[in-house]
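Just data.tsv here, TSV, C-alpha atoms:
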chain	number	residue	atom	x	y	z
A	289	MET	CA	0.00	0.00	0.00
A	290	ALA	CA	1.05	3.61	-0.52
A	291	PHE	CA	1.30	5.59	2.71
A	292	THR	CA	-0.57	8.64	1.48
A	293	VAL	CA	-2.33	11.12	3.74
A	294	GLU	CA	-5.70	9.46	3.17
A	295	ALA	CA	-4.27	5.98	3.73
A	296	ASN	CA	-2.77	7.06	7.04
A	297	ARG	CA	-6.05	8.65	8.12
A	298	ARG	CA	-7.89	5.39	7.42
A	299	LEU	CA	-5.30	3.41	9.37
A	300	LEU	CA	-5.65	5.62	12.45
A	301	ALA	CA	-9.44	5.32	12.28
A	302	SER	CA	-9.11	1.53	12.65
A	303	LYS	CA	-10.06	-0.38	15.80
A	304	HIS	CA	-6.73	-2.24	15.88
A	305	LEU	CA	-3.22	-1.61	14.52
A	306	PRO	CA	-1.21	-2.59	12.61
A	307	PRO	CA	-3.26	-4.36	9.90
A	308	CYS	CA	-0.80	-7.24	9.39
A	309	ASP	CA	-0.18	-10.71	10.79
A	310	GLY	CA	0.83	-10.82	14.44
A	311	PRO	CA	-0.17	-8.96	17.59
A	312	LYS	CA	-2.23	-5.76	17.46
A	313	LEU	CA	-3.10	-2.91	19.81
A	314	HIS	CA	-6.62	-1.55	20.21
A	315	ALA	CA	-7.63	2.10	19.82
A	316	PHE	CA	-7.87	4.28	22.93
A	317	LYS	CA	-11.38	4.25	24.40
A	318	TYR	CA	-11.62	8.06	24.48
A	319	ARG	CA	-9.64	8.85	21.35
A	320	ASN	CA	-12.00	11.67	20.34
A	321	ALA	CA	-11.96	13.36	23.77
A	322	SER	CA	-10.18	16.68	24.27
A	323	ILE	CA	-6.62	16.59	25.57
A	324	LYS	CA	-5.32	18.92	28.26
A	325	TRP	CA	-1.58	19.29	27.75
A	326	LEU	CA	0.22	19.65	31.09
A	327	LYS	CA	3.96	19.39	30.41
A	328	LEU	CA	6.65	17.80	28.28
A	329	LEU	CA	8.36	14.85	29.95
A	330	GLY	CA	11.80	13.37	29.56
A	331	THR	CA	13.04	14.56	26.19
A	332	SER	CA	14.53	18.03	25.98
A	333	LEU	CA	13.60	19.92	22.83
A	334	ASP	CA	17.32	20.66	22.41
A	335	ALA	CA	17.90	16.92	21.88
A	336	ARG	CA	14.87	16.28	19.68
A	337	SER	CA	16.81	15.20	16.58
A	338	GLY	CA	17.80	11.85	18.05
A	339	CYS	CA	14.49	10.76	19.59
A	340	GLN	CA	11.59	8.72	18.21
A	341	GLY	CA	8.94	11.00	19.67
A	342	PHE	CA	7.89	13.20	22.58
A	343	VAL	CA	6.21	12.21	25.82
A	344	PHE	CA	3.76	14.55	27.53
A	345	LYS	CA	1.89	14.49	30.79
A	346	VAL	CA	-1.75	15.02	29.77
A	347	GLU	CA	-5.23	14.92	31.21
A	348	ILE	CA	-8.04	13.14	29.34
A	349	LYS	CA	-11.49	12.76	30.85
A	350	SER	CA	-10.16	13.92	34.27
A	351	LYS	CA	-7.47	11.23	34.34
A	352	ILE	CA	-3.70	11.68	34.05
A	353	TYR	CA	-1.81	9.83	31.32
A	354	ALA	CA	1.55	9.82	29.57
A	355	LEU	CA	0.99	10.56	25.88
A	356	LYS	CA	3.79	9.59	23.50
A	357	VAL	CA	3.58	11.44	20.19
A	358	PHE	CA	5.65	9.78	17.45
A	359	LYS	CA	7.75	11.28	14.71
A	360	PHE	CA	7.13	10.11	11.18
A	361	PHE	CA	9.36	7.28	9.98
A	362	PRO	CA	10.15	6.39	6.34
A	363	PRO	CA	9.26	2.69	5.81
A	364	SER	CA	12.52	1.78	4.05
A	365	THR	CA	14.77	3.09	6.83
A	366	ASP	CA	15.75	-0.37	8.14
A	367	ARG	CA	15.91	-2.15	4.77
A	368	PRO	CA	19.76	-1.98	4.64
A	369	ILE	CA	19.88	-4.29	7.66
A	370	LEU	CA	18.95	-7.15	5.35
A	371	GLY	CA	21.42	-6.22	2.64
A	372	PRO	CA	20.83	-5.59	-1.08
A	373	ILE	CA	19.57	-9.10	-1.92
A	374	ARG	CA	17.49	-10.11	1.09
A	375	GLY	CA	16.19	-6.53	1.32
A	376	ARG	CA	14.18	-7.17	-1.82
A	377	LEU	CA	12.23	-9.92	-0.05
A	378	VAL	CA	10.30	-7.47	2.13
A	379	THR	CA	7.90	-4.72	1.10
A	380	ASP	CA	7.69	-1.18	2.40
A	381	GLU	CA	4.41	-2.18	4.02
A	382	ASP	CA	6.11	-5.00	5.96
A	383	LEU	CA	8.91	-2.71	7.06
A	384	ALA	CA	6.53	0.09	8.09
A	385	PHE	CA	4.31	-2.12	10.24
A	386	HIS	CA	7.27	-3.93	11.82
A	387	THR	CA	9.95	-1.24	12.27
A	388	ASP	CA	8.21	2.16	12.48
A	389	PRO	CA	8.50	2.98	16.24
A	390	PHE	CA	4.76	3.71	16.44
A	391	TYR	CA	3.75	0.36	14.98
A	392	ALA	CA	6.61	-1.40	16.78
A	393	GLU	CA	5.14	-0.29	20.11
A	394	CYS	CA	1.62	-1.22	18.99
A	395	ARG	CA	2.79	-4.76	18.23
A	396	ALA	CA	4.86	-5.11	21.42
A	397	TYR	CA	2.05	-3.90	23.66
A	398	GLY	CA	-0.43	-6.09	21.80
A	399	GLN	CA	1.76	-9.11	22.52
A	400	ILE	CA	2.18	-8.15	26.18
A	401	GLN	CA	-1.56	-7.71	26.67
A	402	LYS	CA	-2.14	-11.07	24.99
A	403	ALA	CA	0.34	-12.64	27.41
A	404	TYR	CA	-1.47	-11.04	30.35
A	405	SER	CA	-4.76	-12.51	29.01
A	406	GLY	CA	-6.61	-9.36	30.02
A	407	HIS	CA	-5.42	-9.47	33.64
A	408	LEU	CA	-2.71	-7.00	34.60
A	409	PRO	CA	-0.35	-8.64	37.13
A	410	LYS	CA	0.21	-7.08	40.55
A	411	ARG	CA	3.81	-6.24	39.66
A	412	PRO	CA	4.03	-5.76	35.88
A	413	TYR	CA	7.35	-5.35	34.10
A	414	VAL	CA	6.11	-2.73	31.63
A	415	ALA	CA	4.10	0.48	32.06
A	416	ASP	CA	0.56	-0.15	30.80
A	417	CYS	CA	-0.67	1.12	27.43
A	418	TYR	CA	-4.33	2.03	26.91
A	419	GLY	CA	-4.36	2.30	23.13
A	420	PHE	CA	-3.54	4.54	20.17
A	421	LEU	CA	-5.11	7.71	18.84
A	422	ALA	CA	-4.65	10.38	16.16
A	423	LEU	CA	-4.20	14.01	17.14
A	424	ASN	CA	-6.62	16.56	15.74
A	425	SER	CA	-5.56	19.85	14.14
A	426	LYS	CA	-5.91	21.75	17.44
A	427	ASP	CA	-3.52	19.38	19.21
A	428	GLU	CA	-1.08	19.44	16.30
A	429	LYS	CA	-1.03	23.24	16.49
A	430	HIS	CA	-0.17	22.98	20.19
A	431	LEU	CA	2.88	20.90	19.27
A	432	SER	CA	3.87	23.29	16.51
A	433	ASP	CA	3.63	26.26	18.89
A	434	GLN	CA	6.16	24.50	21.13
A	435	GLY	CA	8.62	24.14	18.28
A	436	ILE	CA	8.03	20.42	17.77
A	437	ASN	CA	8.47	19.17	14.20
A	438	LEU	CA	7.41	15.55	13.72
A	439	TRP	CA	9.16	15.47	10.33
A	440	ASP	CA	12.48	16.47	11.87
A	441	GLY	CA	15.39	14.67	10.18
A	442	ILE	CA	13.46	13.87	6.97
A	443	SER	CA	14.22	16.11	4.00
A	444	SER	CA	11.33	17.86	2.26
A	445	ASP	CA	12.04	16.03	-1.02
A	446	ASP	CA	12.03	12.55	0.59
A	447	GLU	CA	9.70	10.23	-1.34
A	448	TYR	CA	7.78	9.18	1.77
A	449	ARG	CA	7.40	12.75	3.02
A	450	VAL	CA	6.12	13.95	-0.35
A	451	MET	CA	3.34	11.33	-0.15
A	452	ALA	CA	2.55	11.49	3.58
A	453	ASP	CA	3.13	15.11	4.62
A	454	GLY	CA	-0.13	16.28	6.19
A	455	SER	CA	-0.94	12.90	7.79
A	456	PRO	CA	-2.37	12.99	11.33
A	457	ALA	CA	0.12	12.80	14.18
A	458	ARG	CA	0.13	9.39	15.89
A	459	ALA	CA	0.21	8.81	19.63
A	460	LEU	CA	-0.03	6.13	22.31
A	461	VAL	CA	-1.81	6.69	25.62
A	462	LYS	CA	0.23	5.12	28.43
A	463	GLN	CA	0.23	4.78	32.17
A	464	TYR	CA	1.69	7.91	33.77
A	465	VAL	CA	4.52	6.96	36.10
A	466	GLU	CA	5.91	9.59	38.45
A	467	LYS	CA	9.63	10.24	38.11
A	468	ASP	CA	11.20	7.46	40.12
A	469	THR	CA	14.06	7.94	42.55
A	470	THR	CA	14.53	4.22	43.15
A	471	VAL	CA	18.14	3.36	43.91
A	472	PHE	CA	19.61	1.09	41.26
A	473	ASN	CA	20.50	-1.82	43.53
A	474	GLY	CA	20.64	-5.59	43.27
A	475	LYS	CA	16.91	-5.99	43.90
A	476	THR	CA	15.93	-3.52	41.17
A	477	MET	CA	18.47	-5.05	38.80
A	478	GLU	CA	17.06	-8.54	39.32
A	479	ARG	CA	13.53	-7.29	38.71
A	480	ILE	CA	14.57	-5.64	35.43
A	481	ARG	CA	16.39	-8.80	34.37
A	482	LYS	CA	13.26	-10.90	34.99
A	483	GLY	CA	11.26	-8.42	32.91
A	484	ILE	CA	13.67	-8.81	30.00
A	485	ARG	CA	13.44	-12.59	30.20
A	486	PHE	CA	9.62	-12.34	30.25
A	487	MET	CA	9.61	-10.14	27.15
A	488	ASN	CA	12.04	-12.38	25.27
A	489	SER	CA	9.97	-15.46	26.16
A	490	LYS	CA	6.96	-13.80	24.50
A	491	GLY	CA	8.85	-13.15	21.28
A	492	ILE	CA	9.75	-9.49	21.97
A	493	LEU	CA	13.30	-8.21	21.55
A	494	ILE	CA	13.50	-4.84	23.34
A	495	ARG	CA	16.74	-3.79	21.59
A	496	ASP	CA	17.12	-0.64	23.70
A	497	VAL	CA	17.83	-1.71	27.27
A	498	ARG	CA	19.12	1.32	29.16
A	499	LEU	CA	18.26	3.05	32.38
A	500	ASP	CA	16.69	6.05	30.60
A	501	ASN	CA	13.91	3.75	29.38
A	502	TYR	CA	12.95	2.67	32.90
A	503	GLN	CA	11.02	4.35	35.67
A	504	GLY	CA	12.14	2.34	38.65
A	505	GLU	CA	11.40	-1.27	37.66
A	506	LEU	CA	8.96	-0.40	34.85
A	507	LEU	CA	10.00	-0.35	31.20
A	508	VAL	CA	8.34	2.67	29.58
A	509	ASP	CA	9.68	2.65	25.99
A	510	LEU	CA	9.33	-0.07	23.35
A	511	GLY	CA	9.89	2.01	20.22
A	512	SER	CA	12.84	-0.12	19.08
A	513	ALA	CA	11.25	-3.48	19.83
A	514	TRP	CA	11.01	-6.31	17.31
A	515	THR	CA	8.04	-8.60	17.95
A	516	LYS	CA	7.62	-11.97	16.24
A	517	PRO	CA	6.61	-12.59	13.54
A	518	HIS	CA	8.98	-9.96	12.18
A	519	CYS	CA	10.01	-9.42	8.57
A	520	ILE	CA	13.69	-8.81	9.40
A	521	LEU	CA	14.00	-11.79	11.77
A	522	ASP	CA	12.23	-14.00	9.21
A	523	ASN	CA	14.51	-13.04	6.31
A	524	ALA	CA	17.92	-12.43	7.89
A	525	PRO	CA	20.69	-15.08	8.06
A	526	GLN	CA	20.29	-17.34	11.08
A	527	HIS	CA	23.68	-16.47	12.55
A	528	LEU	CA	22.65	-12.80	12.67
A	529	VAL	CA	19.28	-13.68	14.21
A	530	ALA	CA	21.11	-15.66	16.91
A	531	GLU	CA	23.29	-12.64	17.67
A	532	TRP	CA	20.30	-10.27	17.77
A	533	LYS	CA	18.55	-12.53	20.27
A	534	GLU	CA	21.44	-11.88	22.66
A	535	THR	CA	21.17	-8.09	22.28
A	536	ASP	CA	18.96	-7.51	25.32
A	537	ARG	CA	21.17	-9.58	27.60
A	538	VAL	CA	24.34	-7.83	26.43
A	539	MET	CA	22.78	-4.38	26.81
A	540	PHE	CA	21.52	-5.30	30.28
A	541	ASP	CA	25.02	-6.39	31.36
A	542	ASP	CA	26.50	-3.17	29.97
A	543	MET	CA	23.86	-1.11	31.80
A	544	VAL	CA	24.62	-2.86	35.09
A	545	LYS	CA	28.37	-2.27	34.72
A	546	GLU	CA	27.94	1.37	33.74
A	547	GLU	CA	25.46	2.13	36.51
A	548	GLY	CA	27.56	0.23	39.07
A	549	LEU	CA	30.62	2.35	38.26
A	550	ARG	CA	28.59	5.55	38.45
A	551	LEU	CA	27.17	4.63	41.85
A	552	GLU	CA	30.59	3.70	43.20
A	553	HIS	CA	31.93	7.08	42.03
A	554	ASP	CA	29.00	8.85	43.73
A	555	ARG	CA	29.57	6.97	46.97
A	556	VAL	CA	33.27	7.81	47.05
A	557	ARG	CA	32.44	11.45	46.39
A	558	ALA	CA	29.85	11.45	49.18
A	559	ARG	CA	32.37	9.98	51.61
A	560	ALA	CA	34.92	12.62	50.61
A	561	ILE	CA	32.39	15.35	51.41
A	562	ALA	CA	31.61	13.67	54.74
A	563	LEU	CA	35.34	13.60	55.49
A	564	ASP	CA	35.65	17.36	54.93
A	565	VAL	CA	32.65	18.02	57.15
A	566	MET	CA	34.03	15.82	59.94
A	567	ILE	CA	37.41	17.52	59.82
A	568	LEU	CA	35.78	20.94	59.93
A	569	ALA	CA	33.65	19.86	62.90
A	570	TYR	CA	36.73	18.52	64.68
A	571	SER	CA	38.59	21.79	64.10
A	572	LEU	CA	35.69	23.84	65.45
A	573	ALA	CA	35.42	21.60	68.50
A	574	GLN	CA	39.14	21.98	69.18
A	575	ALA	CA	38.86	25.74	68.87
A	576	ALA	CA	35.86	25.88	71.22
A	577	ALA	CA	37.67	23.78	73.84
A	578	ALA	CA	40.86	25.85	73.74
A	579	LYS	CA	41.63	28.31	76.56
A	580	PRO	CA	41.11	32.00	75.77
A	581	GLY	CA	44.14	34.01	74.74
A	582	PRO	CA	47.06	33.10	72.52
A	583	GLN	CA	48.52	29.65	73.17
A	584	PRO	CA	51.97	28.52	72.10
A	585	VAL	CA	51.84	25.98	69.30
A	586	THR	CA	54.34	23.28	70.24
A	587	GLU	CA	55.34	20.28	68.19
A	588	GLY	CA	53.31	18.08	70.52
A	589	VAL	CA	50.14	20.14	70.02
A	590	ARG	CA	50.58	20.06	66.28
A	591	MET	CA	51.12	16.31	66.37
A	592	GLU	CA	47.99	15.85	68.50
A	593	GLU	CA	45.89	17.80	65.98
A	594	GLU	CA	47.25	15.74	63.12
A	595	GLU	CA	46.49	12.62	65.17
A	596	GLY	CA	42.84	13.70	65.42
A	597	TYR	CA	42.53	14.40	61.69
A	598	GLU	CA	44.06	11.06	60.78
A	599	ARG	CA	41.76	9.18	63.17
A	600	ILE	CA	38.76	10.84	61.54
A	601	ARG	CA	39.95	9.91	58.07
A	602	TYR	CA	40.77	6.33	58.98
A	603	GLY	CA	37.50	5.85	60.84
A	604	ILE	CA	35.39	7.00	57.89
A	605	VAL	CA	37.21	4.90	55.34
A	606	ARG	CA	37.42	1.75	57.45
A	607	SER	CA	33.72	1.86	58.29
A	608	ASN	CA	32.84	2.07	54.59
A	609	MET	CA	35.23	-0.36	52.97
A	610	SER	CA	32.26	-2.60	52.11
A	611	ILE	CA	30.64	0.27	50.17
A	612	CYS	CA	33.81	1.29	48.35
A	613	PRO	CA	35.64	-2.02	47.70
A	614	GLY	CA	39.31	-1.73	46.99
A	615	PHE	CA	39.59	1.62	48.76
A	616	SER	CA	42.91	1.39	50.63
A	617	THR	CA	43.27	2.60	54.22
A	618	ALA	CA	47.06	2.56	54.11
A	619	PRO	CA	47.55	6.33	53.53
A	620	PHE	CA	45.40	7.10	56.55
A	621	LYS	CA	47.13	4.70	58.94
A	622	ARG	CA	50.77	5.45	58.51
A	623	ASN	CA	51.07	8.75	60.42
A	624	TRP	CA	49.63	7.50	63.69
A	625	SER	CA	50.13	3.73	63.71
A	626	SER	CA	53.81	3.60	62.77
A	627	GLY	CA	56.68	5.64	61.43
A	628	PRO	CA	58.78	8.53	62.78
A	629	GLY	CA	55.78	10.84	63.23
A	630	ALA	CA	54.08	8.42	65.59
A	631	LYS	CA	57.32	7.86	67.54
A	632	ARG	CA	57.79	11.62	68.03
A	633	PHE	CA	54.20	11.95	69.18
A	634	LEU	CA	54.48	9.07	71.67
A	635	GLY	CA	57.74	10.55	72.94
A	636	TYR	CA	55.94	13.85	73.56
A	637	LYS	CA	53.17	12.04	75.50
A	638	ARG	CA	55.68	10.24	77.72
A	639	ARG	CA	57.57	13.45	78.48
A	640	SER	CA	54.39	15.32	79.31
A	641	GLY	CA	53.05	12.50	81.52
A	642	LEU	CA	50.11	11.77	79.18
A	643	ALA	CA	51.22	8.29	78.21
A	644	LYS	CA	49.82	5.29	80.09
A	645	PRO	CA	52.39	3.65	82.42
A	646	GLU	CA	53.82	0.45	81.07
A	647	LYS	CA	52.85	-2.81	82.78
A	648	GLU	CA	55.27	-4.24	85.33
A	649	GLY	CA	57.59	-6.87	84.07
A	650	ARG	CA	57.25	-5.74	80.46
A	651	SER	CA	60.66	-5.51	78.80
A	652	GLY	CA	61.53	-2.44	76.81
Is it possible to give me this structure as structure tokens?
Amino acid sequence: MAFTVEANRRLLASKHLPPCDGPKLHAFKYRNASIKWLKLLGTSLDARSGCQGFVFKVEIKSKIYALKVFKFFPPSTDRPILGPIRGRLVTDEDLAFHTDPFYAECRAYGQIQKAYSGHLPKRPYVADCYGFLALNSKDEKHLSDQGINLWDGISSDDEYRVMADGSPARALVKQYVEKDTTVFNGKTMERIRKGIRFMNSKGILIRDVRLDNYQGELLVDLGSAWTKPHCILDNAPQHLVAEWKETDRVMFDDMVKEEGLRLEHDRVRARAIALDVMILAYSLAQAAAAKPGPQPVTEGVRMEEEEGYERIRYGIVRSNMSICPGFSTAPFKRNWSSGPGAKRFLGYKRRSGLAKPEKEGRSG
């Protein structure tokens, strides 16, 4: 089929999409209701060239949703993946309904809802989707007034744009999930891993596993997903298909490593700040306890102050070695546990009568 303006209008007036073999998503129940646009979520307009669409917090029929508005996507974009010979085996229609991010999400959510059998689990792995809709001219003007161009990145003389320019904007109505501050820990990681295994077992390759696509444990973006049956998976060489099936696992492992390093860096930085605060507090306490008037600064006094600082440093680091593995305490121990500095300090304590008397019978 030719993706003309009229053809696209008819598609978006359907009850289910896409009109091909495989899973389908139903239309949103209130797709003709007015939309109250509240705010843009996630994607900065300054970074709009690299995204598949824009997500807004909206209100429809007095209920809050996340509305993802999709950019237009030329059907032949992913044909080179199959190469010049195998690429001829698939039509633009196949590619559009299987690889266009809008239809890709429709198929993935259709498969998920089929797997749920109409019953949403208590702890789902994916944010819910309530259906698709087409924006009316009033809503499209709202986007235009905000500087959003859904044809961004597609030249005006592109064959697909020449045919389809003027088509209604496409959107999915999703569950609105508040910005999550969940700490990326082992429990969250395991939950995300189980979600990926669930999706893969249902014939869905996510192909974009990264923390930006999650709100806490919930996956909120499936625009890059390939859902079986899929024209590329069905026509590509089997060794490539086998590699692609490992994509989600590899991306998950990379995400865990990257996030783990970032958290370790943040923890070390937090401990460094705590160290500075503790040293400042110790200095203020020493100043408050000092006698009024100028006091001579002897070597022993200076050594005692350094002793206090080093004890603070060593105490903080030793108590947090489990949080910052591999963080050596050696630099913090040497000045007061051994070495010439410690010997001079102990000598000062003995001379001033501050040192504890040695036990009887102990040899020197």
Please identify every residue of range 504-564 of chain A that has at least one atom no farther than 9 Å from an atom of range 387-391 of chain A, counting all atoms listed in the file, and for each give the shortest atom pair and the distance in Å to one decimal, arranged by chain then increasing number, as a tab-separated table.
residue	atom	partner	partner_atom	distance
A:Leu510	CA	A:Pro389	CA	7.8
A:Gly511	CA	A:Pro389	CA	4.3
A:Ser512	CA	A:Pro389	CA	6.0
A:Ala513	CA	A:Pro389	CA	7.9
A:Trp514	CA	A:Thr387	CA	7.2
A:His518	CA	A:Thr387	CA	8.8
A:Cys519	CA	A:Thr387	CA	9.0
A:Ile520	CA	A:Thr387	CA	8.9
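The coordinates place CA of Phe342 in chain A at 26.3 Å from CA of Gly310 in chain A.
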Given the choices A:Tyr464, A:Tyr397, A:Trp532, A:Trp325, which gets closest to Leu431 in chain A if the distance is worked out from all atoms listed in the file?
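Nearest candidate to Leu431 in chain A out of A:Tyr464, A:Tyr397, A:Trp532, A:Trp325: A:Trp325.
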So that I can see what lies close to Pro412 in chain A, please list as a list in words the residues with an atom at most 12 Å from it, counting all atoms listed in the file and leaving out residues fewer than 6 positions away in the same chain.
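In the requested form, the answer reads Ile400, Gln401, Ala403, Tyr404, Gln463, Arg479, Ile480, Lys482, Gly483, Ile484, Phe486, Met487, Gly504, Glu505, Leu506, Leu507 and Val508 of chain A.
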Quick one: residues within 8 Å of range 314-319 of chain A, all atoms listed in the file counted, chain neighbours fewer than 5 positions away excluded, as a PyMOL selection string?
chain A and resi 302-305+348-349+398+418-422+461
Once you have the residues from the selection above, write them out as a PDB file, keeping the file's coordinate frame, restricted to C-alpha atoms.
ATOM      1  CA  SER A 302      -9.110   1.530  12.650  1.00  0.00           C
ATOM      2  CA  LYS A 303     -10.060  -0.380  15.800  1.00  0.00           C
ATOM      3  CA  HIS A 304      -6.730  -2.240  15.880  1.00  0.00           C
ATOM      4  CA  LEU A 305      -3.220  -1.610  14.520  1.00  0.00           C
ATOM      5  CA  ILE A 348      -8.040  13.140  29.340  1.00  0.00           C
ATOM      6  CA  LYS A 349     -11.490  12.760  30.850  1.00  0.00           C
ATOM      7  CA  GLY A 398      -0.430  -6.090  21.800  1.00  0.00           C
ATOM      8  CA  TYR A 418      -4.330   2.030  26.910  1.00  0.00           C
ATOM      9  CA  GLY A 419      -4.360   2.300  23.130  1.00  0.00           C
ATOM     10  CA  PHE A 420      -3.540   4.540  20.170  1.00  0.00           C
ATOM     11  CA  LEU A 421      -5.110   7.710  18.840  1.00  0.00           C
ATOM     12  CA  ALA A 422      -4.650  10.380  16.160  1.00  0.00           C
ATOM     13  CA  VAL A 461      -1.810   6.690  25.620  1.00  0.00           C
TER      14      VAL A 461
END
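Remark: for Asp427 in chain A, the closest of the candidate residues A:Ala392, A:Gly341, A:Val346, A:Leu493 is A:Val346 (distances computed over only C-alpha atoms).
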Proximity to Glu466 in chain A - best of A:Val497, A:Ala354, A:Ile369, A:Met451, all atoms listed in the file
A:Ala354
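In this model, the gap between CA of Met289 in chain A and CA of Glu381 in chain A comes to 6.4 Å.
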Using CA of Asp522 in chain A and CA of Lys312 in chain A as the two end points, give the distance in Å to one decimal.
18.6 Å
If we count all atoms listed in the file, what is near Glu534 in chain A at a cut-off of 12 Å, once residues fewer than 2 positions away on the same chain are taken out, given as a VMD selection string?
chain A and resid 484 to 485 488 492 to 495 497 527 to 532 536 to 541
Same residues, C-alpha atoms, saved as a CSV table (one decimal), in the frame of the given file:
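Result saved to out_17.csv:
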chain,number,residue,atom,x,y,z
A,484,ILE,CA,13.7,-8.8,30.0
A,485,ARG,CA,13.4,-12.6,30.2
A,488,ASN,CA,12.0,-12.4,25.3
A,492,ILE,CA,9.8,-9.5,22.0
A,493,LEU,CA,13.3,-8.2,21.6
A,494,ILE,CA,13.5,-4.8,23.3
A,495,ARG,CA,16.7,-3.8,21.6
A,497,VAL,CA,17.8,-1.7,27.3
A,527,HIS,CA,23.7,-16.5,12.6
A,528,LEU,CA,22.6,-12.8,12.7
A,529,VAL,CA,19.3,-13.7,14.2
A,530,ALA,CA,21.1,-15.7,16.9
A,531,GLU,CA,23.3,-12.6,17.7
A,532,TRP,CA,20.3,-10.3,17.8
A,536,ASP,CA,19.0,-7.5,25.3
A,537,ARG,CA,21.2,-9.6,27.6
A,538,VAL,CA,24.3,-7.8,26.4
A,539,MET,CA,22.8,-4.4,26.8
A,540,PHE,CA,21.5,-5.3,30.3
A,541,ASP,CA,25.0,-6.4,31.4
Name the closest residue to Leu300 in chain A among the candidates A:Gln503, A:Ser455, A:Gln574, A:Ser350; distances are taken between atoms, counting all atoms listed in the file.
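Closest to Leu300 in chain A, using all atoms listed in the file: A:Ser455.
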